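Below is target_22.txt, which holds compact mmCIF, C-alpha atoms.
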```txt
# COMPACT_ATOMS: atom_id res chain seq x y z
CA MET A 1 -3.08 16.50 29.75
CA ALA A 2 0.25 16.58 31.59
CA LYS A 3 3.21 16.70 29.22
CA THR A 4 4.78 13.63 30.82
CA GLU A 5 1.82 11.45 29.71
CA LEU A 6 2.82 11.94 26.08
CA LYS A 7 6.38 11.27 24.95
CA LEU A 8 7.86 10.94 21.49
CA LEU A 9 11.17 9.15 20.99
CA GLY A 10 12.88 10.44 17.88
CA ALA A 11 15.57 12.41 16.08
CA ARG A 12 15.37 15.65 14.13
CA ALA A 13 16.85 14.32 10.90
CA SER A 14 14.39 11.43 10.60
CA PRO A 15 11.55 11.96 8.14
CA TYR A 16 9.53 9.31 9.97
CA VAL A 17 9.79 11.18 13.26
CA MET A 18 8.45 14.33 11.57
CA ARG A 19 5.18 12.58 10.86
CA PRO A 20 3.84 12.22 14.41
CA ARG A 21 5.29 15.66 15.27
CA ILE A 22 3.25 17.32 12.54
CA ALA A 23 0.17 15.32 13.58
CA LEU A 24 0.57 16.36 17.23
CA ASN A 25 1.04 19.99 16.14
CA ILE A 26 -2.18 19.83 14.10
CA LYS A 27 -3.99 18.61 17.21
CA SER A 28 -2.22 21.20 19.42
CA ALA A 29 -1.13 18.36 21.69
CA ASP A 30 1.76 18.94 24.09
CA TYR A 31 4.40 16.25 24.30
CA GLU A 32 7.90 15.63 25.55
CA PHE A 33 10.37 15.07 22.72
CA LEU A 34 13.13 12.64 23.69
CA GLN A 35 15.97 12.96 21.21
CA GLU A 36 17.85 9.71 20.59
CA THR A 37 21.63 9.99 20.33
CA PRO A 38 22.80 9.10 16.80
CA GLY A 39 24.67 5.81 16.79
CA SER A 40 23.10 4.47 19.99
CA LYS A 41 19.69 3.30 21.15
CA SER A 42 18.31 4.28 24.54
CA GLN A 43 17.03 1.71 27.02
CA LEU A 44 13.58 3.27 26.69
CA LEU A 45 13.64 2.75 22.92
CA LEU A 46 14.72 -0.87 23.22
CA GLU A 47 11.96 -1.51 25.76
CA SER A 48 9.25 0.37 23.87
CA ASN A 49 10.01 -1.05 20.44
CA PRO A 50 11.61 -4.46 21.04
CA VAL A 51 10.54 -5.71 17.61
CA HIS A 52 12.16 -3.06 15.39
CA LYS A 53 14.19 -0.96 17.87
CA LYS A 54 13.43 2.07 15.69
CA ILE A 55 12.16 5.62 16.05
CA PRO A 56 9.62 7.14 16.16
CA VAL A 57 7.87 5.65 19.16
CA LEU A 58 4.95 7.48 20.77
CA ILE A 59 4.45 6.64 24.43
CA HIS A 60 0.97 7.59 25.61
CA ASN A 61 0.06 6.93 29.25
CA GLY A 62 2.92 4.45 29.39
CA LYS A 63 1.79 2.50 26.30
CA PRO A 64 4.00 2.55 23.19
CA ILE A 65 2.79 2.94 19.63
CA CYS A 66 5.25 2.19 16.81
CA GLU A 67 5.51 2.69 13.02
CA SER A 68 5.13 6.32 11.95
CA LEU A 69 1.97 6.11 9.83
CA ILE A 70 0.28 3.88 12.42
CA ILE A 71 1.16 6.54 15.02
CA VAL A 72 -0.40 9.25 12.82
CA GLU A 73 -3.65 7.27 12.57
CA TYR A 74 -3.58 6.71 16.35
CA ILE A 75 -3.16 10.45 16.98
CA ASP A 76 -6.05 11.21 14.63
CA GLU A 77 -8.30 8.73 16.45
CA VAL A 78 -7.41 9.79 20.00
CA TRP A 79 -7.52 13.56 19.43
CA SER A 80 -10.79 13.26 17.56
CA SER A 81 -12.00 16.76 18.48
CA GLY A 82 -9.05 18.43 16.71
CA PRO A 83 -8.81 19.01 12.92
CA SER A 84 -9.05 15.68 11.05
CA ILE A 85 -5.95 14.18 9.52
CA LEU A 86 -7.44 11.24 7.61
CA PRO A 87 -10.23 12.09 5.14
CA SER A 88 -13.70 11.06 6.30
CA ASP A 89 -14.81 9.09 3.23
CA PRO A 90 -13.59 5.42 3.16
CA TYR A 91 -12.55 5.59 -0.49
CA ASP A 92 -10.55 8.79 0.04
CA ARG A 93 -8.93 7.17 3.07
CA ALA A 94 -7.96 4.14 0.99
CA ILE A 95 -6.40 6.42 -1.65
CA ALA A 96 -4.46 8.38 0.98
CA ARG A 97 -3.19 5.16 2.58
CA PHE A 98 -2.27 3.78 -0.85
CA TRP A 99 -0.02 6.70 -1.70
CA GLY A 100 1.40 6.78 1.83
CA ALA A 101 2.47 3.15 1.43
CA TYR A 102 3.77 3.90 -2.08
CA VAL A 103 6.13 6.66 -0.97
CA ASP A 104 7.47 4.45 1.81
CA GLU A 105 7.85 1.21 -0.12
CA LYS A 106 8.59 2.31 -3.69
CA TRP A 107 9.68 5.92 -3.84
CA PHE A 108 11.85 6.78 -0.82
CA PRO A 109 14.13 3.69 -1.04
CA ASN A 110 15.34 5.11 -4.35
CA LEU A 111 16.03 8.52 -2.83
CA ARG A 112 18.12 6.83 -0.17
CA ILE A 113 20.43 5.25 -2.69
CA LEU A 114 20.71 8.20 -5.10
CA SER A 115 23.77 9.75 -3.48
CA THR A 116 25.75 6.51 -3.50
CA ALA A 117 24.74 5.25 -6.95
CA GLU A 118 27.17 5.83 -9.81
CA GLY A 119 27.10 6.05 -13.61
CA GLU A 120 24.32 4.15 -15.34
CA ALA A 121 22.87 2.93 -12.05
CA ARG A 122 22.51 6.52 -10.94
CA ASP A 123 20.72 7.53 -14.13
CA GLN A 124 18.34 4.67 -13.54
CA VAL A 125 17.62 5.72 -9.96
CA MET A 126 17.06 9.34 -11.10
CA GLY A 127 14.69 8.12 -13.79
CA THR A 128 12.71 6.03 -11.31
CA LEU A 129 12.51 8.90 -8.84
CA VAL A 130 11.25 11.35 -11.43
CA GLU A 131 8.71 8.83 -12.79
CA GLY A 132 7.44 8.38 -9.25
CA LEU A 133 7.15 12.14 -8.75
CA VAL A 134 5.13 12.43 -11.96
CA LEU A 135 2.74 9.79 -10.56
CA LEU A 136 2.52 11.75 -7.32
CA GLU A 137 1.92 14.98 -9.25
CA ASP A 138 -0.99 13.29 -11.01
CA ALA A 139 -2.29 12.05 -7.66
CA PHE A 140 -1.91 15.54 -6.18
CA VAL A 141 -3.96 17.13 -8.97
CA LYS A 142 -6.72 14.51 -8.59
CA ILE A 143 -6.82 14.47 -4.79
CA SER A 144 -6.33 18.16 -3.96
CA LYS A 145 -9.00 19.25 -6.47
CA GLY A 146 -7.38 22.65 -6.85
CA LYS A 147 -6.76 23.19 -3.13
CA ALA A 148 -3.39 23.78 -1.51
CA PHE A 149 -2.89 20.32 0.05
CA PHE A 150 -3.60 16.65 -0.61
CA GLY A 151 -5.91 17.05 2.38
CA GLY A 152 -7.70 20.01 0.74
CA ASP A 153 -7.64 23.32 2.61
CA GLN A 154 -5.87 21.66 5.53
CA ILE A 155 -2.83 19.39 5.80
CA GLY A 156 -3.87 15.74 5.83
CA TYR A 157 -2.46 12.24 6.05
CA LEU A 158 -0.86 12.18 2.62
CA ASP A 159 0.65 15.65 2.99
CA ILE A 160 2.31 14.34 6.16
CA ALA A 161 3.30 10.98 4.66
CA PHE A 162 4.97 12.48 1.57
CA GLY A 163 5.89 15.92 2.92
CA CYS A 164 8.17 14.45 5.58
CA TYR A 165 10.54 13.45 2.75
CA LEU A 166 10.92 17.01 1.42
CA GLY A 167 13.94 17.77 3.60
CA TRP A 168 15.87 14.80 2.21
CA LEU A 169 14.53 15.47 -1.29
CA ARG A 170 15.93 19.01 -1.22
CA ALA A 171 19.16 17.85 0.41
CA SER A 172 19.57 15.21 -2.33
CA GLU A 173 18.99 17.85 -5.01
CA LYS A 174 21.78 19.94 -3.48
CA MET A 175 24.20 17.05 -2.93
CA ASN A 176 23.78 15.65 -6.41
CA VAL A 177 23.19 18.94 -8.24
CA VAL A 178 19.93 17.69 -9.78
CA LYS A 179 16.33 18.79 -9.86
CA LEU A 180 13.77 16.28 -8.72
CA LEU A 181 10.78 18.60 -8.37
CA ASP A 182 10.54 21.09 -11.21
CA GLU A 183 8.05 23.37 -12.92
CA ALA A 184 8.07 21.36 -16.13
CA ASN A 185 7.17 17.92 -14.71
CA THR A 186 5.67 18.61 -11.30
CA PRO A 187 4.35 22.17 -11.08
CA GLY A 188 1.66 21.31 -8.54
CA LEU A 189 4.10 19.60 -6.22
CA VAL A 190 6.61 22.46 -6.50
CA LYS A 191 4.00 24.86 -5.14
CA TRP A 192 2.73 22.32 -2.61
CA ALA A 193 6.24 21.71 -1.28
CA ASP A 194 6.68 25.39 -0.42
CA THR A 195 3.22 25.78 1.08
CA PHE A 196 3.64 22.61 3.14
CA SER A 197 7.09 23.54 4.43
CA ALA A 198 5.88 26.98 5.52
CA HIS A 199 2.83 25.64 7.37
CA PRO A 200 2.85 26.38 11.11
CA ALA A 201 2.47 22.68 11.99
CA VAL A 202 5.50 21.83 9.84
CA LYS A 203 8.08 24.58 9.76
CA ASP A 204 9.54 24.08 13.24
CA VAL A 205 9.96 20.33 12.79
CA MET A 206 11.38 20.42 9.25
CA PRO A 207 15.13 19.82 9.57
CA GLU A 208 17.53 22.44 8.13
CA ILE A 209 18.52 21.41 4.62
CA ASP A 210 22.20 22.29 5.05
CA LYS A 211 22.43 20.10 8.14
CA LEU A 212 20.89 17.24 6.16
CA VAL A 213 23.38 17.84 3.33
CA GLU A 214 26.25 17.57 5.83
CA PHE A 215 24.75 14.43 7.35
CA GLY A 216 24.05 12.97 3.91
CA LYS A 217 27.58 13.64 2.72
CA SER A 218 29.07 11.91 5.77
CA LEU A 219 26.77 8.89 5.27
CA ALA A 220 27.74 8.68 1.60
CA ALA A 221 31.45 8.93 2.48
CA LYS A 222 31.11 6.12 5.06
CA PHE A 223 29.33 3.98 2.48
CA ARG A 224 32.05 4.52 -0.13
CA ALA A 225 34.81 3.83 2.39
CA ALA A 226 33.10 0.58 3.39
CA LYS A 227 32.73 -0.39 -0.27
CA THR A 228 36.35 0.21 -1.27
CA GLY A 229 37.69 -1.03 2.08
CA SER A 230 35.97 -4.41 1.95
CA SER A 231 37.69 -7.38 0.31
CA MET B 1 -26.94 -5.87 -5.65
CA GLY B 2 -24.05 -8.35 -5.64
CA GLU B 3 -22.72 -7.13 -8.95
CA GLN B 4 -21.66 -3.89 -7.29
CA VAL B 5 -18.76 -5.59 -5.50
CA LYS B 6 -16.11 -7.34 -7.56
CA LEU B 7 -12.97 -9.04 -6.30
CA PHE B 8 -10.08 -9.81 -8.65
CA LYS B 9 -7.78 -12.42 -7.12
CA THR B 10 -6.18 -15.79 -7.84
CA TRP B 11 -7.09 -19.22 -6.47
CA SER B 12 -3.96 -19.37 -4.33
CA SER B 13 -2.98 -15.83 -3.35
CA ALA B 14 -2.88 -15.29 0.40
CA PHE B 15 -3.55 -11.59 -0.15
CA GLY B 16 -6.70 -12.25 -2.15
CA LEU B 17 -7.83 -14.79 0.40
CA ARG B 18 -7.86 -12.15 3.12
CA ILE B 19 -10.42 -10.19 1.19
CA VAL B 20 -12.60 -13.26 0.61
CA TRP B 21 -12.59 -13.92 4.36
CA ALA B 22 -13.51 -10.32 5.21
CA LEU B 23 -16.35 -10.23 2.68
CA LYS B 24 -17.69 -13.60 3.88
CA LEU B 25 -17.52 -12.60 7.56
CA LYS B 26 -19.53 -9.47 6.81
CA GLY B 27 -21.99 -11.34 4.59
CA ILE B 28 -21.23 -9.14 1.58
CA GLN B 29 -22.28 -10.48 -1.82
CA TYR B 30 -19.62 -10.11 -4.46
CA GLU B 31 -18.49 -11.34 -7.86
CA SER B 32 -15.22 -13.21 -7.80
CA ILE B 33 -12.81 -13.13 -10.75
CA ASP B 34 -9.80 -15.44 -10.66
CA GLU B 35 -6.91 -14.04 -12.69
CA ASP B 36 -4.17 -15.90 -14.51
CA LEU B 37 -1.08 -13.92 -13.50
CA THR B 38 0.83 -15.11 -16.58
CA ASN B 39 -1.87 -13.46 -18.66
CA LYS B 40 -3.29 -10.53 -16.70
CA SER B 41 -6.57 -9.10 -17.88
CA PRO B 42 -6.58 -5.50 -19.14
CA LEU B 43 -8.88 -4.66 -16.23
CA ILE B 44 -6.11 -5.34 -13.70
CA LEU B 45 -3.77 -3.03 -15.60
CA GLN B 46 -6.50 -0.41 -15.71
CA TYR B 47 -7.55 -0.74 -12.05
CA ASN B 48 -4.04 -1.06 -10.61
CA PRO B 49 -1.68 0.78 -12.96
CA VAL B 50 0.97 1.36 -10.29
CA TYR B 51 1.48 -2.26 -9.19
CA LYS B 52 -0.55 -4.29 -11.74
CA LYS B 53 -1.35 -6.80 -9.00
CA ILE B 54 -4.24 -8.58 -7.36
CA PRO B 55 -6.23 -8.38 -5.19
CA VAL B 56 -8.32 -5.53 -6.52
CA LEU B 57 -11.69 -4.76 -4.95
CA VAL B 58 -14.05 -2.80 -7.15
CA TYR B 59 -17.08 -1.16 -5.54
CA ASN B 60 -19.40 1.16 -7.43
CA GLY B 61 -16.91 1.16 -10.29
CA ARG B 62 -13.99 2.37 -8.14
CA PRO B 63 -10.95 0.17 -7.48
CA ILE B 64 -9.21 -0.25 -4.13
CA VAL B 65 -5.86 -2.07 -4.00
CA GLU B 66 -3.31 -3.36 -1.45
CA SER B 67 -4.88 -6.05 0.71
CA LEU B 68 -4.52 -4.46 4.17
CA ILE B 69 -5.85 -1.19 2.77
CA ILE B 70 -8.77 -3.08 1.22
CA LEU B 71 -9.51 -4.70 4.61
CA GLU B 72 -9.72 -1.28 6.29
CA TYR B 73 -11.91 -0.01 3.45
CA ILE B 74 -14.29 -2.95 3.84
CA ASP B 75 -14.45 -2.44 7.62
CA GLU B 76 -15.24 1.27 7.18
CA THR B 77 -17.81 0.79 4.41
CA TRP B 78 -19.75 -2.18 5.84
CA LYS B 79 -20.18 -1.66 9.59
CA GLN B 80 -21.62 -5.07 10.54
CA ASN B 81 -19.33 -7.53 12.29
CA PRO B 82 -16.47 -5.05 12.85
CA LEU B 83 -12.98 -6.37 12.15
CA LEU B 84 -10.86 -3.74 13.88
CA PRO B 85 -11.37 -3.12 17.61
CA GLU B 86 -12.76 0.23 18.76
CA ASP B 87 -9.98 1.22 21.13
CA PRO B 88 -7.31 3.29 19.33
CA HIS B 89 -4.37 1.57 21.06
CA LYS B 90 -5.75 -1.88 20.21
CA ARG B 91 -6.27 -0.73 16.61
CA ALA B 92 -2.70 0.52 16.40
CA THR B 93 -1.48 -2.79 17.85
CA ALA B 94 -3.49 -4.82 15.30
CA ARG B 95 -2.14 -2.70 12.43
CA PHE B 96 1.41 -3.02 13.78
CA TRP B 97 1.34 -6.82 13.88
CA ALA B 98 -0.40 -7.07 10.49
CA LYS B 99 2.43 -5.03 8.97
CA PHE B 100 5.01 -7.11 10.84
CA GLY B 101 3.43 -10.26 9.41
CA ASP B 102 3.67 -8.96 5.86
CA ASP B 103 7.04 -7.22 6.11
CA LYS B 104 9.00 -9.67 8.26
CA VAL B 105 7.31 -12.99 8.97
CA MET B 106 6.32 -13.79 5.40
CA SER B 107 9.76 -13.20 3.93
CA SER B 108 11.56 -15.04 6.73
CA LEU B 109 9.37 -18.13 6.20
CA TRP B 110 9.81 -17.92 2.45
CA GLN B 111 13.57 -17.84 2.89
CA ILE B 112 13.56 -21.13 4.80
CA LEU B 113 12.02 -22.68 1.74
CA THR B 114 14.27 -21.11 -0.86
CA GLU B 115 17.61 -21.28 0.99
CA GLN B 116 19.83 -24.30 1.54
CA GLY B 117 22.36 -25.39 4.15
CA LYS B 118 23.67 -22.71 6.50
CA GLU B 119 21.50 -19.98 4.99
CA ARG B 120 18.42 -22.13 5.62
CA GLU B 121 19.42 -22.61 9.26
CA GLU B 122 19.87 -18.85 9.65
CA ALA B 123 16.50 -18.24 8.00
CA LEU B 124 14.90 -20.69 10.42
CA VAL B 125 16.40 -18.86 13.41
CA GLN B 126 15.11 -15.54 12.11
CA ALA B 127 11.65 -16.93 11.35
CA THR B 128 11.43 -18.52 14.79
CA GLU B 129 12.33 -15.20 16.44
CA ASN B 130 9.61 -13.46 14.42
CA LEU B 131 7.02 -16.13 15.22
CA LYS B 132 7.86 -15.90 18.93
CA PHE B 133 6.68 -12.29 18.89
CA LEU B 134 3.34 -13.43 17.48
CA GLU B 135 3.12 -16.26 20.02
CA GLU B 136 3.65 -13.69 22.79
CA GLU B 137 1.01 -11.36 21.32
CA LEU B 138 -1.53 -14.18 21.19
CA LYS B 139 -0.90 -15.46 24.71
CA GLY B 140 -4.09 -16.10 26.70
CA LYS B 141 -6.42 -15.31 23.80
CA ARG B 142 -8.42 -17.62 21.61
CA PHE B 143 -7.94 -15.35 18.62
CA PHE B 144 -5.79 -12.25 18.06
CA GLY B 145 -9.12 -10.40 18.03
CA GLY B 146 -10.18 -11.92 21.39
CA GLU B 147 -13.21 -14.18 21.48
CA LYS B 148 -14.00 -13.59 17.80
CA ILE B 149 -11.72 -13.39 14.82
CA GLY B 150 -10.80 -9.87 13.78
CA PHE B 151 -8.54 -7.83 11.54
CA LEU B 152 -5.29 -9.32 12.79
CA ASP B 153 -6.53 -12.92 12.55
CA ILE B 154 -7.47 -12.26 8.94
CA ALA B 155 -4.15 -10.49 8.27
CA LEU B 156 -2.15 -13.38 9.76
CA GLY B 157 -4.51 -16.12 8.55
CA TRP B 158 -2.13 -16.97 5.72
CA LEU B 159 -0.05 -18.76 8.39
CA ALA B 160 -2.83 -21.32 8.91
CA ASN B 161 -2.98 -21.93 5.20
CA LEU B 162 0.69 -21.77 4.16
CA VAL B 163 2.70 -23.10 7.10
CA PRO B 164 1.35 -26.67 6.76
CA VAL B 165 2.27 -26.48 3.06
CA LEU B 166 5.76 -25.26 3.90
CA GLU B 167 6.20 -27.95 6.56
CA GLU B 168 5.17 -30.72 4.20
CA ILE B 169 7.71 -29.62 1.60
CA LEU B 170 10.47 -29.10 4.18
CA GLY B 171 9.73 -32.32 6.02
CA PHE B 172 9.92 -30.66 9.44
CA GLU B 173 7.77 -28.46 11.63
CA VAL B 174 8.29 -24.73 11.86
CA ILE B 175 5.37 -23.98 14.19
CA ASP B 176 5.50 -26.96 16.57
CA LYS B 177 3.17 -27.47 19.54
CA ALA B 178 6.01 -27.49 22.06
CA GLY B 179 7.58 -24.22 20.92
CA PHE B 180 4.39 -22.49 19.87
CA PRO B 181 1.46 -23.81 21.93
CA PHE B 182 -0.75 -20.76 21.34
CA LEU B 183 0.01 -20.25 17.68
CA SER B 184 -0.51 -23.98 16.95
CA GLU B 185 -3.89 -23.92 18.64
CA TRP B 186 -4.84 -20.67 16.92
CA MET B 187 -4.05 -22.14 13.48
CA LEU B 188 -6.52 -24.96 14.14
CA GLU B 189 -9.19 -22.73 15.65
CA PHE B 190 -8.89 -20.17 12.86
CA SER B 191 -9.16 -22.82 10.14
CA SER B 192 -12.31 -24.21 11.81
CA VAL B 193 -14.30 -20.96 11.66
CA PRO B 194 -16.91 -21.69 8.94
CA ALA B 195 -16.21 -18.59 6.82
CA ILE B 196 -12.52 -19.55 6.79
CA LYS B 197 -12.92 -23.33 6.48
CA GLU B 198 -15.12 -22.97 3.41
CA ASN B 199 -12.58 -20.66 1.78
CA LEU B 200 -9.18 -22.29 2.00
CA PRO B 201 -7.26 -23.39 -1.09
CA LEU B 202 -6.75 -27.16 -1.16
CA HIS B 203 -3.62 -28.19 0.73
CA ASP B 204 -2.44 -30.71 -1.88
CA LYS B 205 -2.95 -28.24 -4.70
CA MET B 206 -0.87 -25.67 -2.81
CA VAL B 207 1.91 -28.19 -2.12
CA ALA B 208 2.02 -29.10 -5.82
CA LYS B 209 2.13 -25.44 -6.81
CA PHE B 210 4.99 -24.60 -4.44
CA ARG B 211 6.94 -27.72 -5.42
CA ALA B 212 6.60 -26.77 -9.09
CA TYR B 213 7.74 -23.23 -8.35
CA LEU B 214 10.83 -24.42 -6.45
CA ALA B 215 11.71 -26.96 -9.15
CA ALA B 216 11.56 -24.27 -11.83
CA ALA B 217 13.57 -21.71 -9.84
CA PRO B 218 17.14 -21.23 -11.14
CA ASP B 219 19.94 -22.66 -8.98
CA LYS B 220 21.82 -20.16 -6.83
```

Can the structure from this file be put into structure tokens for me?
Amino acid sequence: MAKTELKLLGARASPYVMRPRIALNIKSADYEFLQETPGSKSQLLLESNPVHKKIPVLIHNGKPICESLIIVEYIDEVWSSGPSILPSDPYDRAIARFWGAYVDEKWFPNLRILSTAEGEARDQVMGTLVEGLVLLEDAFVKISKGKAFFGGDQIGYLDIAFGCYLGWLRASEKMNVVKLLDEANTPGLVKWADTFSAHPAVKDVMPEIDKLVEFGKSLAAKFRAAKTGSS
Amino acid sequence: MGEQVKLFKTWSSAFGLRIVWALKLKGIQYESIDEDLTNKSPLILQYNPVYKKIPVLVYNGRPIVESLIILEYIDETWKQNPLLPEDPHKRATARFWAKFGDDKVMSSLWQILTEQGKEREEALVQATENLKFLEEELKGKRFFGGEKIGFLDIALGWLANLVPVLEEILGFEVIDKAGFPFLSEWMLEFSSVPAIKENLPLHDKMVAKFRAYLAAAPDK
């Protein structure tokens, strides 16, 4: 397929953009990556995703697909001859989708606010994050059944859904001088995180942690300035 | 073997209703258990420890939770009368709008009800914008699924049930025929499909429930 028939609108720092990139790598699909400029939205983005105006957007033969996990499912269905991303059994698929929705709706929003929370509120956010990771550790043990990934021997949907947050997880650990994943509470996930990050489909699209730390610090500074500056 | 499929829900929950509709459309026998959310049964806590919510579908002893996830599970397990289309782009589109309905439309409509004055006006503007997207998506089709109801009709079906309730309490229309010709027609058509018509909570009961909820809510 010509490269121009498959485009991905995104940005390197976005965990959501990583998801379709990993999926396309798994399927060995060539695509054109169109990097959005931070702080502005391209005409193509506004036209392709008029509802949310957000990245990632996959444009396949001129037709846009939006929402990162929906894009991953689309990729799995279109490139059906490549390695499978979703499990084949309906129950396993439901479990994978459940935890994918959980990390998006319950877990990650807490990670986002960790660096700007203070005092007691911060302790609470930390507590919630760690509790969530313990749940995910339990899920990992049950789902992986002793294999390297949630998807078994190969990276699957839930590896992608959760693994895309590892960059920001590690950056948050550095920025806040805390440990979120550790041997005591989440030994399985500690090992999984390293294996996942080193995987050929992942390592080139995982953002550099130090760059994320810089970005995170500037976001946190802007937030604090806005807070103290407002009446 | 109807006892193999169990659905935990409530009489009024839109999310539980979706599952009823899907099971009915596929002709799947199931046992229905209506929960009292002020006094949740231990089974709910056992089957859904993360969220402790309904609906919960239990099949062969294994629970599946989160209504849109349950819909996909049902469609994949029982192949008759498919809910999602076959084409991957159409599937992605259906999933997109279902998520939009839950994430954006629902909360914007709810805010019209709970807000007052200027905030209510703003909520109405936002809700109207959201609904316009759905109107556009429906254009030219009898149902979101085409000639037959499908996944997205079921996912958005709560509109047919709840918007009339909302409008009665508010005393004005939110989805009016002039502004939303397709969506208005769809709401009627959807509610007339036998599997849906026979499984809609009573309008007056819903109005009473929402009125009671709003009366009990603390003042802002």

Find the residues of chain A in contact range of chain B, meaning any atom within 7 Å when counting all atoms listed in the file, and list them as a JSON list (two decimals) with C-alpha atoms, keeping the file's coordinate frame.
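What follows is the written file iface.json:
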```
[["chain", "number", "residue", "atom", "x", "y", "z"],
["A", 65, "ILE", "CA", 2.79, 2.94, 19.63],
["A", 70, "ILE", "CA", 0.28, 3.88, 12.42],
["A", 74, "TYR", "CA", -3.58, 6.71, 16.35],
["A", 77, "GLU", "CA", -8.30, 8.73, 16.45],
["A", 78, "VAL", "CA", -7.41, 9.79, 20.00],
["A", 90, "PRO", "CA", -13.59, 5.42, 3.16],
["A", 91, "TYR", "CA", -12.55, 5.59, -0.49],
["A", 94, "ALA", "CA", -7.96, 4.14, 0.99],
["A", 97, "ARG", "CA", -3.19, 5.16, 2.58]]
```

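Closest to Leu166 in chain A among A:Phe149, A:Phe98, A:Phe140, A:Phe108 is A:Phe108, based on only C-alpha atoms.
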
Using all atoms listed in the file, which residues sit within 12 Å of Gly146 in chain B once same-chain residues fewer than 3 positions away are excluded, as a short mmCIF file (atom, residue, chain, number, x, y, z; two decimals) with C-alpha atoms, in the frame of the given file?
```cif
data_model
loop_
_atom_site.label_atom_id
_atom_site.label_comp_id
_atom_site.auth_asym_id
_atom_site.auth_seq_id
_atom_site.Cartn_x
_atom_site.Cartn_y
_atom_site.Cartn_z
CA LEU B 83 -12.98 -6.37 12.15
CA LEU B 84 -10.86 -3.74 13.88
CA PRO B 85 -11.37 -3.12 17.61
CA LYS B 90 -5.75 -1.88 20.21
CA ALA B 94 -3.49 -4.82 15.30
CA GLU B 137 1.01 -11.36 21.32
CA LEU B 138 -1.53 -14.18 21.19
CA LYS B 139 -0.90 -15.46 24.71
CA GLY B 140 -4.09 -16.10 26.70
CA LYS B 141 -6.42 -15.31 23.80
CA ARG B 142 -8.42 -17.62 21.61
CA PHE B 143 -7.94 -15.35 18.62
CA ILE B 149 -11.72 -13.39 14.82
CA GLY B 150 -10.80 -9.87 13.78
CA PHE B 151 -8.54 -7.83 11.54
CA LEU B 152 -5.29 -9.32 12.79
CA ASP B 153 -6.53 -12.92 12.55
CA TRP B 186 -4.84 -20.67 16.92
CA PHE B 190 -8.89 -20.17 12.86
#
```

Check: Interatomic distance between CA of Ser68 in chain A and CA of Ile55 in chain A?
Finding: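 Atom-to-atom, CA of Ser68 in chain A to CA of Ile55 in chain A, that is 8.2 Å.
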
Notebook entry, point to check: For Val141 in chain A, which residue among A:Trp192, A:Tyr16, A:Phe223, A:Phe33 is the nearest when counting all atoms listed in the file?
Noted result: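 With all atoms listed in the file as the atom set, the closest residue is A:Trp192.
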
Item checked: Which of B:Lys205, B:Lys6, B:Arg18, B:Lys148 sits closest to Tyr47 in chain B [using all atoms listed in the file] -> B:Lys6

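CA of Lys63 in chain A lies 18.1 Å from CA of Ala23 in chain A.
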
Notebook entry, point to check: Near Ile209 in chain A, counting only C-alpha atoms, which residues have an atom at most 8 Å away, once you skip same-chain residues fewer than 4 positions from it, shown as a PyMOL selection string?
Noted result: chain A and resi 167-168+170-171+213

Notebook entry, point to check: Can you tell me, as a list in words, what residues are no more than 12 Å from Ala117 in chain A when counting only C-alpha atoms, ignoring any on the same chain fewer than 6 positions away?
Noted result: Asn110, Leu111, Asp123, Gln124, Val125, Met126, Asn176, Ala220, Phe223, Arg224 and Lys227 of chain A

Any chance you can output those residues with C-alpha atoms as a PDB file, in the frame of the given file?
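The resulting file, selection-v5.pdb, is shown below:
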```
ATOM      1  CA  ASN A 110      15.340   5.110  -4.350  1.00  0.00           C
ATOM      2  CA  LEU A 111      16.030   8.520  -2.830  1.00  0.00           C
ATOM      3  CA  ASP A 123      20.720   7.530 -14.130  1.00  0.00           C
ATOM      4  CA  GLN A 124      18.340   4.670 -13.540  1.00  0.00           C
ATOM      5  CA  VAL A 125      17.620   5.720  -9.960  1.00  0.00           C
ATOM      6  CA  MET A 126      17.060   9.340 -11.100  1.00  0.00           C
ATOM      7  CA  ASN A 176      23.780  15.650  -6.410  1.00  0.00           C
ATOM      8  CA  ALA A 220      27.740   8.680   1.600  1.00  0.00           C
ATOM      9  CA  PHE A 223      29.330   3.980   2.480  1.00  0.00           C
ATOM     10  CA  ARG A 224      32.050   4.520  -0.130  1.00  0.00           C
ATOM     11  CA  LYS A 227      32.730  -0.390  -0.270  1.00  0.00           C
TER      12      LYS A 227
END
```

Check: Any idea what the distance is between CA of Ser32 in chain B and CA of Phe8 in chain B?
Finding: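 It comes out at 6.2 Å.
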
Notebook entry, point to check: When distances are computed from all atoms listed in the file, which of B:Ile44, B:Val58, B:Leu113, B:Val125 shows the smallest separation from Gly171 in chain B?
Noted result: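 Using all atoms listed in the file, the shortest distance to Gly171 in chain B belongs to B:Leu113.
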
Next item on the list: Up to 12 Å from (2.0, 11.9, -11.2) in the file's coordinates: name the residues, counting all atoms listed in the file, as a list in words.
Entry: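 Residues found, by chain and rising number: Trp99, Leu129, Val130, Glu131, Gly132, Leu133, Val134, Leu135, Leu136, Glu137, Asp138, Ala139, Phe140, Val141, Lys142, Ile143, Leu181, Asn185, Thr186, Pro187, Gly188 and Leu189 of chain A; Pro49 and Val50 of chain B.
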
Next item on the list: Using all atoms listed in the file, pick whichever of A:Glu120, A:Lys27, A:His52, A:Leu44 has the shortest atom-to-atom distance to Ser80 in chain A.
Entry: A:Lys27

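The nearest approach to Asp102 in chain B among the residues B:Leu57, B:Ser67, B:Ala195, B:Met187, with only C-alpha atoms taken into account, belongs to B:Ser67.
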